[in-house]
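Asks: Have a look at this one before I ask anything.
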Amino acid sequence: MPENNEIVVFFTGGTIGMAPTEGVTGVAPGGNFEKLLNQFKPQDCAVGLRPVLWSDKPSPHMTPEDMFRLARNVETVLEEPSVLGAIILHGTDTLAETAYMCDLVIESDKPVILTGSMRYYSESGYDGIRNLTNAVRACLLPLPTSLGACIMMTDRIFAAREAVKVNSLNVDAFESREAGIIGYVAGDSVILARPRSTPTPRHKISPKTLVTDVTLLAAYTGMDRSLIDHAKATGTRGIVIEGFGAGNIPPEAVSGLEACMDAGIPVVLSTRCIEGGVWPIYGYPGGGADLKNKGVIMCGRLGGPKARIRLMCALGMTTDMEEIRALFDEI
């Protein structure tokens, strides 16, 4: 391997760099990026690492604008011939959303691997070094060129558009929505579980700007239209609503969604279920088939937070309702 080949490591913050801080209850950002890289042993992977201290934020502090800007910064670096791929160190709370933003926006086919840790820097059982090492190894794999951004956690590789955080505390915190993992770690090797195929065709939505005024609402029993009306009155540009089951909501909320669509505000339906996705099965008031007939956009198996990211990107390209609908049909 030529000496000038390298992997760029973007540090955004998160538990992977946190430690107990004097005067603070609990752990907080601690500027441990350099210490983390010093513990990484380059001989394990025979490649150079170029560190980029992009931020030191807890992931709940990451905004959609941050995610979009990060994706653009990563893409710029990937254009350099000497760069083999990029790793993003990130907090796990919103890791899947940033990964999906990268998956949508970055045009390069070079590997983009996001990872973090569930244990803080000085905690017993710290998983940050292992996850970083495995992410580097994954970057050196002949990954399918249309795979898109991936997440490496707990010795497994997940496609960004399928990964979901399912446990708030356990080290084994991520799972894939039905399609399974992309690969896994075995000893010192990373093995692809499905090397000849990708989870779904990779369709890019790469706008020049991002429209962030998109509201995510969760349906609840007895829900009326008041929250929807509030979002509309305060200038939302789009609404994603997480329904029950295959995509069903209380009937009292439907008129609020209709008012939004009449005003040219796109409404996207997702589900709070981890698996299965939304399907237009039920024709009763508020059922998925009823909502689709009224003009609500189905988002397939994409969860609410990622559907919101996709709608932000779509609105950055067009305000035409049918063009937005077509961008969701590609999922």
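By order of appearance in the structure tokens: chains A, B, ..., then residues from 1 within every chain, and ligands from 1 in the order shown.
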Give the alpha helix (DSSP H) residues of stretch 65-170 of chain A, as DSSP finds them on the backbone, and put them as a PDB file with C-alpha atoms, in the first residue's frame.
Replies:
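Below is the file result03.pdb, written as the result:
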ATOM      1  CA  GLU A  65     -27.358  21.841   9.832  1.00  0.00           C
ATOM      2  CA  ASP A  66     -24.336  20.295  11.605  1.00  0.00           C
ATOM      3  CA  MET A  67     -25.030  16.910  10.007  1.00  0.00           C
ATOM      4  CA  PHE A  68     -25.369  18.449   6.546  1.00  0.00           C
ATOM      5  CA  ARG A  69     -22.185  20.504   6.905  1.00  0.00           C
ATOM      6  CA  LEU A  70     -20.279  17.463   8.204  1.00  0.00           C
ATOM      7  CA  ALA A  71     -21.408  15.381   5.236  1.00  0.00           C
ATOM      8  CA  ARG A  72     -20.220  18.101   2.850  1.00  0.00           C
ATOM      9  CA  ASN A  73     -16.865  18.350   4.650  1.00  0.00           C
ATOM     10  CA  VAL A  74     -16.406  14.585   4.444  1.00  0.00           C
ATOM     11  CA  GLU A  75     -17.229  14.584   0.752  1.00  0.00           C
ATOM     12  CA  THR A  76     -14.634  17.292   0.083  1.00  0.00           C
ATOM     13  CA  VAL A  77     -11.936  15.209   1.783  1.00  0.00           C
ATOM     14  CA  LEU A  78     -12.940  12.062  -0.102  1.00  0.00           C
ATOM     15  CA  LEU A  95     -25.507   8.480  15.256  1.00  0.00           C
ATOM     16  CA  ALA A  96     -28.053   6.837  12.955  1.00  0.00           C
ATOM     17  CA  GLU A  97     -29.421  10.218  11.818  1.00  0.00           C
ATOM     18  CA  THR A  98     -26.009  11.637  10.960  1.00  0.00           C
ATOM     19  CA  ALA A  99     -25.142   8.400   9.196  1.00  0.00           C
ATOM     20  CA  TYR A 100     -28.306   8.637   7.121  1.00  0.00           C
ATOM     21  CA  MET A 101     -27.560  12.265   6.241  1.00  0.00           C
ATOM     22  CA  CYS A 102     -24.135  11.152   4.994  1.00  0.00           C
ATOM     23  CA  ASP A 103     -25.757   8.299   3.093  1.00  0.00           C
ATOM     24  CA  LEU A 104     -28.079  10.713   1.262  1.00  0.00           C
ATOM     25  CA  VAL A 105     -25.692  13.582   0.611  1.00  0.00           C
ATOM     26  CA  GLY A 128     -13.977   3.202  21.830  1.00  0.00           C
ATOM     27  CA  ILE A 129     -10.552   1.853  20.810  1.00  0.00           C
ATOM     28  CA  ARG A 130     -12.000  -1.421  19.536  1.00  0.00           C
ATOM     29  CA  ASN A 131     -14.709   0.361  17.556  1.00  0.00           C
ATOM     30  CA  LEU A 132     -12.174   2.738  16.004  1.00  0.00           C
ATOM     31  CA  THR A 133      -9.840  -0.137  15.081  1.00  0.00           C
ATOM     32  CA  ASN A 134     -12.692  -2.103  13.530  1.00  0.00           C
ATOM     33  CA  ALA A 135     -13.894   0.974  11.629  1.00  0.00           C
ATOM     34  CA  VAL A 136     -10.424   1.380  10.116  1.00  0.00           C
ATOM     35  CA  ARG A 137     -10.408  -2.275   9.096  1.00  0.00           C
ATOM     36  CA  ALA A 138     -13.854  -1.881   7.553  1.00  0.00           C
ATOM     37  CA  CYS A 139     -12.610   1.113   5.546  1.00  0.00           C
TER      38      CYS A 139
END
Asks: Once DSSP has gone over the backbone, tell me which residues of stretch 177-315 of chain A are in strand (DSSP E), as a ChimeraX atom specification.
Replies: /A:183-186,189-192,214-218,238-243,267-271,297-298
Asks: Go ahead and write the selection's residues with C-alpha atoms as a tab-separated table (two decimals), in the first residue's frame.
Replies:
chain	number	residue	atom	x	y	z
A	183	GLY	CA	-20.56	-7.56	7.99
A	184	TYR	CA	-18.98	-8.59	11.27
A	185	VAL	CA	-15.64	-8.84	13.02
A	186	ALA	CA	-14.01	-12.24	13.38
A	189	SER	CA	-10.65	-9.64	10.29
A	190	VAL	CA	-13.87	-7.99	9.14
A	191	ILE	CA	-16.03	-10.31	7.06
A	192	LEU	CA	-18.80	-9.15	4.75
A	214	VAL	CA	-39.59	20.05	9.39
A	215	THR	CA	-41.69	18.82	12.31
A	216	LEU	CA	-41.65	15.26	13.65
A	217	LEU	CA	-44.76	14.27	15.61
A	218	ALA	CA	-45.57	10.98	17.33
A	238	GLY	CA	-43.04	19.76	6.29
A	239	ILE	CA	-44.46	17.24	8.76
A	240	VAL	CA	-43.46	13.67	9.51
A	241	ILE	CA	-45.92	11.82	11.73
A	242	GLU	CA	-45.11	8.51	13.38
A	243	GLY	CA	-48.30	6.48	13.35
A	267	VAL	CA	-46.92	15.26	5.14
A	268	VAL	CA	-44.94	12.02	5.45
A	269	LEU	CA	-46.23	8.99	7.34
A	270	SER	CA	-43.90	6.67	9.25
A	271	THR	CA	-44.44	4.22	12.09
A	297	ILE	CA	-46.61	10.37	1.52
A	298	MET	CA	-45.65	6.86	2.61
Asks: Applying 8 Å and only C-alpha atoms, which residues near A:Ser59 remain after dropping the ones on its own chain fewer than 4 positions away? List them as a PyMOL selection string.
Replies: chain A and resi 13-14+90-95
Asks: Save out the residues we just selected, C-alpha atoms, as a short mmCIF file (atom, residue, chain, number, x, y, z; two decimals), in the first residue's frame.
Replies:
data_model
loop_
_atom_site.label_atom_id
_atom_site.label_comp_id
_atom_site.auth_asym_id
_atom_site.auth_seq_id
_atom_site.Cartn_x
_atom_site.Cartn_y
_atom_site.Cartn_z
CA GLY A 13 -17.68 14.36 20.02
CA GLY A 14 -19.82 11.93 21.97
CA HIS A 90 -19.88 10.49 16.91
CA GLY A 91 -22.17 10.17 19.90
CA THR A 92 -24.55 7.24 19.66
CA ASP A 93 -27.83 9.02 20.48
CA THR A 94 -28.12 10.59 17.03
CA LEU A 95 -25.51 8.48 15.26
#
